[in-house]
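Q: Just passing along the structure, written as structure tokens.
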Amino acid sequence: MGPIVYATEEGLARLLEAVEADEVFAPVCRAGGIEYCNVRARPQEELALREPRPSASPKAFLQPARERVAVYSASGVDTERSRPEVGRRVLLGLRACDLKAIQYLDKVFREGDFTDPFYEARRRNELLISVDCVAVHENCFCTAVGGSPFAEEGFDLNLSPLEEGYLVEVGSEKGQAVIDRAPDAVAEATDEKRRERDRRRAASVERLKEQTGGWQVSDRIQETLLNKEKDQTWGEQAAACVECGACTFICPTCHCFYLYDQAGSEEEFERIRVCDSCIFGDYHRMAGPAGAKPTPRPALRTRLANRLLHKYAYSPQQYGMLGCTGCGRCIEACYGGIDIRDVLKELES
Amino acid sequence: MTQALEANPYAPQVARLSRVTDETPTIKTFCFDLDPPLEFRAGQFVQLGVPGLGEGPFTPSSSPLDPAHLEVTVLRTGEVTDRLHRMEAGEVCTLRGPYGKGFPIEKLDGKDVLVVGGGVGLAPLRALIYKLLSMTDRLGRVAIKNGARESAELLFRRQYEDWASRDGVSVEITIDKPEPGWDGNVGVVTTILENVPQEIDIPNCYAFTCGPEIMLKFVTQKLLEKGLEPEQIYLSMNRRMSCGVGKCGRCNIGPYYLCKDGPDICYAKIKDYPNVFP
């Protein structure tokens, strides 16, 4: 645990002003709900730090939906224009589940024989300020997948909303540097305030437990899912699924993408990365004669199974952690009304 | 291959085609004289493409011992391969790699080796065959089995005699259906696997196979029937891939990505996961 200080609402505003950044993205209250907004450009927006998590995950700030990754011509790659261009950015108001998702994406894009230079550049230039969930969305189930509504690691700074003001925990040197730039914006975190934080955290955990009714994704989930690969549940899901891919696009850990080439300016070509979805029928399709395009997962039910298997069975083997953070965003995104909690419960029953 | 710091694994290099060789009515070999050479291990693949159109994962068919002369043998079967087939020497392709693990050559000392190809599946296996031919003194017997739809589609036909003339190496060929003037084996490739136990020492062998996935399924079944263990069977599976480096997600079998953990993957690793075969 890092040093903890106290900031009033005004103190927090001064801390944020002290951050050297081009953009500060934070959840704000809008008529249609909570959205991320660059509050450095729109300081009049009302921060939503005491509301439940927004429906959008912060994934797009780490891996945008569409991005040019290379420019080349017949004479070779244009190295200069095939590099990431990133500004200094703050992501404010991330939840513990969001940090867990970032931890997962880090394993995908920063580890292994190859790292993704675009993801890497963004991560290095981003300051992560998380916030405890003092309100819980009805679809949240982080505690059922080993998570919690407050973060203990993975942040540069973490905010714990109190009745008045915030406790600010420092998680990194980058975070400490922010405090150091505005030392007058913060005060001592008294024992009383620390106890208030603990009480509020415990209350959120309690609320989540009530919401999930004590349900936990069991340690045997991998085995269960693999054994039930042919289970009827997948067929029921497939009947409800409209193959829109919303669950994968909104998911904070889903990271599949596709590279395609297109003509750029005269004599130049661009390679573009777009996010992709394993739910789509064409996703795995291989080249082949018309009418016989082979794909290893022609049936929607097998693609739905593969997605959940990846989240709960394959990810622990690949990255040492579940690919689901329990944020519940896929539940509100699904046009077919598929609730991942019900699917898991049914498969585990 | 491990990337240089700050390198961009998605950015292609460009390579000028030195030669294009017609192999069969549907298969051509694309040759690149490369300086610097593209060092690869047999079975590793490259992403070869057409500028502005796209790329696909292909395992070179040339010898890993001669990395300055890269050859990639391609069946015309889709958008990119159709355009590739219309390209001529002097035109420019995109190229990046090599990627993947390659065949486990290090396990082959003192072993018998069975190589089973089908159609264009013999292409990646030829890189392996070149490697095997360079180390026959360290191997037991090498049995090469290859099948094609018809005799005109037999890949690298001009080389079979040379391979079979090497010490300890045998080559057996079959075509799916009888045709006038053909007096060799007729039947799918599994029919020439019946005598495998007489040709190689089953407990002391490794088998490598590449071809259409339906063929891989029946070859695997046949080899298991002949007494091979799943640990002895390697399947070369260049499924749909995009990034080639284990990030984009699409080529998984269970927790394995064929681009990163294959494309030549041990059957024992994947056999209990869904969607291995059609």
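By convention here, the chains of the structure tokens are called A, B, ... in the order presented, each chain's residues are numbered starting at 1, and ligands are numbered starting at 1 in the order presented.
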Could you give me, as a tab-separated table, a per-residue list for chain A showing, wherever an atom lies at most 8 Å from an atom of chain B, the closest pair of atoms and their distance in Å to one decimal, using only C-alpha atoms and sorting by chain then residue number from low to high?
A:
```
residue	atom	partner	partner_atom	distance
A:Val69	CA	B:Tyr10	CA	6.7
A:Ala70	CA	B:Ala11	CA	5.2
A:Val71	CA	B:Ala11	CA	7.7
A:Tyr72	CA	B:Pro12	CA	7.7
A:Ser73	CA	B:Pro51	CA	7.6
A:Ala74	CA	B:Val92	CA	6.2
A:Ser75	CA	B:Val14	CA	6.9
A:Gly76	CA	B:Val14	CA	5.3
A:Val77	CA	B:Gln13	CA	6.2
A:Ser82	CA	B:Ala11	CA	7.2
A:Arg83	CA	B:Asn8	CA	7.6
A:Val108	CA	B:Lys247	CA	6.3
A:Phe109	CA	B:Lys247	CA	6.7
A:Asp113	CA	B:Thr2	CA	5.2
A:Phe114	CA	B:Gln3	CA	5.9
A:Thr115	CA	B:Pro9	CA	7.9
A:Asp116	CA	B:Asn8	CA	7.1
A:Pro117	CA	B:Glu6	CA	6.0
A:Leu226	CA	B:Tyr273	CA	7.5
A:Glu229	CA	B:Pro274	CA	7.4
A:His255	CA	B:Cys248	CA	7.0
A:Cys256	CA	B:Cys248	CA	4.6
A:Phe257	CA	B:Cys248	CA	4.9
A:Tyr258	CA	B:Ser242	CA	5.9
A:Leu259	CA	B:Ser242	CA	6.0
A:Tyr260	CA	B:Gly54	CA	6.0
A:Asp261	CA	B:Gly52	CA	4.9
A:Gln262	CA	B:Gly52	CA	4.7
A:Ala263	CA	B:Gly52	CA	5.4
A:Phe269	CA	B:Gly52	CA	5.3
A:Glu270	CA	B:Gly52	CA	7.1
A:Arg271	CA	B:Ala11	CA	7.5
A:Cys278	CA	B:Arg250	CA	7.1
A:Tyr283	CA	B:Arg250	CA	6.9
A:His284	CA	B:Arg240	CA	5.8
A:Arg285	CA	B:Arg240	CA	6.5
A:Met286	CA	B:Arg240	CA	5.2
A:Ala287	CA	B:Gly78	CA	5.0
A:Gly288	CA	B:Thr77	CA	5.0
A:Pro289	CA	B:Thr77	CA	5.8
A:Thr295	CA	B:Pro278	CA	7.9
A:Pro296	CA	B:Asn275	CA	5.8
A:Arg297	CA	B:Asn275	CA	6.6
A:Leu309	CA	B:Gly254	CA	8.0
A:His310	CA	B:Pro255	CA	7.3
A:Ala313	CA	B:Pro255	CA	7.9
A:Tyr314	CA	B:Pro255	CA	4.5
A:Ser315	CA	B:Pro255	CA	7.0
A:Gln317	CA	B:Pro255	CA	6.6
A:Gln318	CA	B:Pro255	CA	6.2
```
Q: I need the residues in region 53-275 of chain B that are helix (DSSP H, G or I) according to DSSP; give them as an NGL selection string.
A: :B and (79-85 or 105-107 or 119-133 or 136-138 or 151-153 or 157-164 or 189-193 or 196-199 or 202-204 or 213-225 or 230-232 or 258-261 or 267-270)
Q: Quick one: everything within 12 Å of region 178-180 of chain A, counting only C-alpha atoms, minus sequence neighbours fewer than 2 positions away in the same chain. Send it as a ChimeraX atom specification.
A: /A:3-7,11-12,14-21,90,127-129,156-157,168-176,182-187
Q: For the selection just defined, write its residues with N, CA and C atoms to a file, as an mmCIF file, in the first residue's frame.
A:
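Output file result.cif follows:
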```
data_model
loop_
_atom_site.group_PDB
_atom_site.id
_atom_site.type_symbol
_atom_site.label_atom_id
_atom_site.label_comp_id
_atom_site.auth_asym_id
_atom_site.auth_seq_id
_atom_site.Cartn_x
_atom_site.Cartn_y
_atom_site.Cartn_z
ATOM 1 N N PRO A 3 1.528 5.619 0.042
ATOM 2 C CA PRO A 3 1.116 6.725 0.924
ATOM 3 C C PRO A 3 -0.310 7.164 0.617
ATOM 4 N N ILE A 4 -1.018 7.579 1.643
ATOM 5 C CA ILE A 4 -2.405 8.020 1.464
ATOM 6 C C ILE A 4 -2.544 9.446 1.987
ATOM 7 N N VAL A 5 -3.172 10.296 1.205
ATOM 8 C CA VAL A 5 -3.426 11.671 1.636
ATOM 9 C C VAL A 5 -4.910 11.968 1.465
ATOM 10 N N TYR A 6 -5.312 13.136 1.924
ATOM 11 C CA TYR A 6 -6.716 13.534 1.814
ATOM 12 C C TYR A 6 -6.830 14.760 0.913
ATOM 13 N N ALA A 7 -7.847 14.779 0.064
ATOM 14 C CA ALA A 7 -8.103 15.954 -0.766
ATOM 15 C C ALA A 7 -9.581 16.304 -0.707
ATOM 16 N N GLY A 11 -9.498 20.452 -3.629
ATOM 17 C CA GLY A 11 -8.125 19.944 -3.656
ATOM 18 C C GLY A 11 -7.917 18.994 -4.823
ATOM 19 N N LEU A 12 -8.913 18.143 -5.070
ATOM 20 C CA LEU A 12 -8.820 17.203 -6.195
ATOM 21 C C LEU A 12 -8.737 17.971 -7.519
ATOM 22 N N ARG A 14 -7.537 20.858 -7.974
ATOM 23 C CA ARG A 14 -6.187 21.460 -8.081
ATOM 24 C C ARG A 14 -5.147 20.398 -8.435
ATOM 25 N N LEU A 15 -5.325 19.209 -7.856
ATOM 26 C CA LEU A 15 -4.406 18.096 -8.204
ATOM 27 C C LEU A 15 -4.473 17.797 -9.702
ATOM 28 N N LEU A 16 -5.714 17.740 -10.210
ATOM 29 C CA LEU A 16 -5.896 17.413 -11.631
ATOM 30 C C LEU A 16 -5.304 18.500 -12.518
ATOM 31 N N GLU A 17 -5.420 19.727 -12.073
ATOM 32 C CA GLU A 17 -4.823 20.825 -12.839
ATOM 33 C C GLU A 17 -3.302 20.697 -12.867
ATOM 34 N N ALA A 18 -2.764 20.126 -11.808
ATOM 35 C CA ALA A 18 -1.301 20.036 -11.691
ATOM 36 C C ALA A 18 -0.715 18.947 -12.595
ATOM 37 N N VAL A 19 -1.579 18.056 -13.069
ATOM 38 C CA VAL A 19 -1.076 16.966 -13.916
ATOM 39 C C VAL A 19 -0.660 17.522 -15.269
ATOM 40 N N GLU A 20 0.538 17.181 -15.698
ATOM 41 C CA GLU A 20 0.987 17.607 -17.025
ATOM 42 C C GLU A 20 0.422 16.638 -18.050
ATOM 43 N N ALA A 21 -0.626 17.072 -18.743
ATOM 44 C CA ALA A 21 -1.268 16.183 -19.724
ATOM 45 C C ALA A 21 -1.952 17.010 -20.795
ATOM 46 N N VAL A 90 -4.435 11.494 -19.246
ATOM 47 C CA VAL A 90 -4.855 10.966 -17.946
ATOM 48 C C VAL A 90 -6.174 10.228 -18.138
ATOM 49 N N LEU A 127 -1.549 8.270 -17.510
ATOM 50 C CA LEU A 127 -1.580 8.232 -16.057
ATOM 51 C C LEU A 127 -2.938 7.676 -15.656
ATOM 52 N N LEU A 128 -2.931 6.648 -14.824
ATOM 53 C CA LEU A 128 -4.188 5.985 -14.467
ATOM 54 C C LEU A 128 -4.628 6.403 -13.062
ATOM 55 N N ILE A 129 -5.775 7.039 -12.983
ATOM 56 C CA ILE A 129 -6.331 7.424 -11.682
ATOM 57 C C ILE A 129 -7.655 6.681 -11.500
ATOM 58 N N ASP A 156 -1.904 4.666 -10.745
ATOM 59 C CA ASP A 156 -0.913 5.659 -10.333
ATOM 60 C C ASP A 156 -1.419 6.399 -9.100
ATOM 61 N N LEU A 157 -2.719 6.734 -9.146
ATOM 62 C CA LEU A 157 -3.396 7.291 -7.971
ATOM 63 C C LEU A 157 -4.750 6.608 -7.862
ATOM 64 N N VAL A 168 -6.691 9.870 -1.208
ATOM 65 C CA VAL A 168 -5.922 9.680 -2.429
ATOM 66 C C VAL A 168 -4.741 8.765 -2.104
ATOM 67 N N GLU A 169 -4.750 7.583 -2.702
ATOM 68 C CA GLU A 169 -3.646 6.652 -2.455
ATOM 69 C C GLU A 169 -2.674 6.702 -3.630
ATOM 70 N N VAL A 170 -1.389 6.743 -3.293
ATOM 71 C CA VAL A 170 -0.362 6.803 -4.325
ATOM 72 C C VAL A 170 0.074 5.383 -4.673
ATOM 73 N N GLY A 171 0.055 5.068 -5.972
ATOM 74 C CA GLY A 171 0.409 3.706 -6.386
ATOM 75 C C GLY A 171 1.686 3.619 -7.191
ATOM 76 N N SER A 172 2.255 4.770 -7.542
ATOM 77 C CA SER A 172 3.452 4.722 -8.380
ATOM 78 C C SER A 172 4.223 6.038 -8.251
ATOM 79 N N GLU A 173 5.432 6.031 -8.786
ATOM 80 C CA GLU A 173 6.222 7.269 -8.784
ATOM 81 C C GLU A 173 5.533 8.353 -9.606
ATOM 82 N N LYS A 174 4.906 7.915 -10.724
ATOM 83 C CA LYS A 174 4.172 8.865 -11.557
ATOM 84 C C LYS A 174 3.063 9.533 -10.753
ATOM 85 N N GLY A 175 2.418 8.736 -9.908
ATOM 86 C CA GLY A 175 1.342 9.260 -9.075
ATOM 87 C C GLY A 175 1.890 10.207 -8.024
ATOM 88 N N GLN A 176 3.010 9.824 -7.410
ATOM 89 C CA GLN A 176 3.626 10.665 -6.378
ATOM 90 C C GLN A 176 4.022 12.015 -6.973
ATOM 91 N N ALA A 182 1.606 19.580 -6.484
ATOM 92 C CA ALA A 182 0.589 20.404 -5.817
ATOM 93 C C ALA A 182 0.470 19.989 -4.353
ATOM 94 N N PRO A 183 1.542 20.113 -3.597
ATOM 95 C CA PRO A 183 1.527 19.601 -2.212
ATOM 96 C C PRO A 183 0.466 20.288 -1.345
ATOM 97 N N ASP A 184 0.111 21.511 -1.697
ATOM 98 C CA ASP A 184 -0.879 22.225 -0.881
ATOM 99 C C ASP A 184 -2.302 21.756 -1.147
ATOM 100 N N ALA A 185 -2.489 20.973 -2.214
ATOM 101 C CA ALA A 185 -3.840 20.525 -2.563
ATOM 102 C C ALA A 185 -4.296 19.389 -1.655
ATOM 103 N N VAL A 186 -3.369 18.796 -0.918
ATOM 104 C CA VAL A 186 -3.737 17.645 -0.097
ATOM 105 C C VAL A 186 -3.397 17.874 1.371
ATOM 106 N N ALA A 187 -4.028 17.085 2.215
ATOM 107 C CA ALA A 187 -3.777 17.174 3.651
ATOM 108 C C ALA A 187 -3.599 15.762 4.194
#
```
Q: Just list as a ChimeraX atom specification whatever in region 67-308 of chain A DSSP marks as strand (DSSP E).
A: /A:67-73,76-77,89-94,126-131,157-161,166-170,187-188,257-263,268-275
Q: Do you know which residues are at most 9 Å from region 68-73 of chain B counting only C-alpha atoms, after dropping those on the same chain fewer than 2 positions away, and could you put them as a compact mmCIF listing (two decimals) with C-alpha atoms, in the first residue's frame?
A:
```
# COMPACT_ATOMS: atom_id res chain seq x y z
CA THR B 21 7.41 -21.04 -61.24
CA GLU B 23 4.04 -26.06 -60.29
CA ILE B 27 -0.13 -23.90 -57.67
CA LYS B 28 2.78 -21.54 -58.27
CA THR B 29 6.03 -20.95 -56.44
CA PHE B 30 7.11 -17.37 -55.77
CA CYS B 31 10.86 -16.89 -55.42
CA PHE B 32 12.65 -14.01 -53.73
CA ASP B 33 16.39 -13.39 -53.79
CA LEU B 34 16.82 -11.65 -50.47
CA ASP B 35 19.64 -9.50 -49.19
CA PRO B 36 19.79 -9.68 -46.24
CA PRO B 37 18.50 -13.27 -46.18
CA LEU B 38 15.36 -14.16 -44.24
CA GLU B 39 16.55 -16.76 -41.75
CA VAL B 46 5.83 -15.67 -43.33
CA LEU B 48 3.19 -12.80 -47.82
CA PHE B 58 2.38 -19.17 -45.83
CA THR B 59 5.15 -21.49 -44.73
CA PRO B 60 8.11 -21.26 -47.11
CA SER B 61 8.70 -24.33 -49.25
CA SER B 62 12.39 -23.60 -49.77
CA SER B 63 15.32 -24.83 -47.76
CA PRO B 64 15.95 -23.16 -44.42
CA LEU B 65 19.64 -23.79 -45.22
CA ASP B 66 19.42 -21.31 -48.10
CA LEU B 75 -2.46 -22.51 -54.17
CA VAL B 120 -0.40 -27.92 -51.57
CA ALA B 123 4.80 -27.05 -49.67
CA PRO B 124 5.62 -26.41 -45.99
```
Q: Need to verify the contact set: Asp261 (chain B), 9 Å, only C-alpha atoms, exclusion of same-chain residues closer than 6 positions in sequence. Can you return it as a ChimeraX atom specification?
A: /B:100-102,246
Q: Need the shell around region 93-101 of chain A: protein/DNA/RNA residues with any atom at most 9 Å away, counting only C-alpha atoms. Skip same-chain ones fewer than 2 positions apart. Format as a PyMOL selection string?
A: chain A and resi 25-27+47-49+53+57-59+91+103-106+128-133+142+147-155+158-159+252-253+323-327
Q: Quote the spacing between CA of Cys29 (chain A) and CA of Pro161 (chain A) in Å to one decimal place.
A: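 Pair CA of Cys29 (chain A) / CA of Pro161 (chain A) returns 16.4 Å.
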Q: Need the shell around Thr212 (chain A): protein/DNA/RNA residues with any atom at most 12 Å away, counting only C-alpha atoms. Skip same-chain ones fewer than 4 positions apart. Format as a list in words?
A: Val136, His137, Glu138, Asn139, Cys140, Phe141, Cys142, Thr143, Ala144, Val145, Val205, Glu206, Arg207, Leu208, Gln216, Val217, Gly326, Gly328, Arg341, Asp342 and Lys345 of chain A
Q: Rounded to one decimal place, report the CA of Glu10 (chain A)-CA of Ala56 (chain A) distance in Å.
A: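 Here the two named atoms are 27.0 Å from each other.
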Q: Calculated over only C-alpha atoms, which of the candidates B:Leu155, B:Glu150, B:Ile200, B:Phe208 has the smallest distance to Lys177 (chain B)?
A: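 Of the candidates, the smallest distance to Lys177 (chain B) is held by B:Glu150.
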Q: Between CA of Pro263 (chain B) and CA of Gln44 (chain B), what distance in Å does the model show, to one decimal?
A: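 Rounded to one decimal, the two atoms are 7.1 Å apart.
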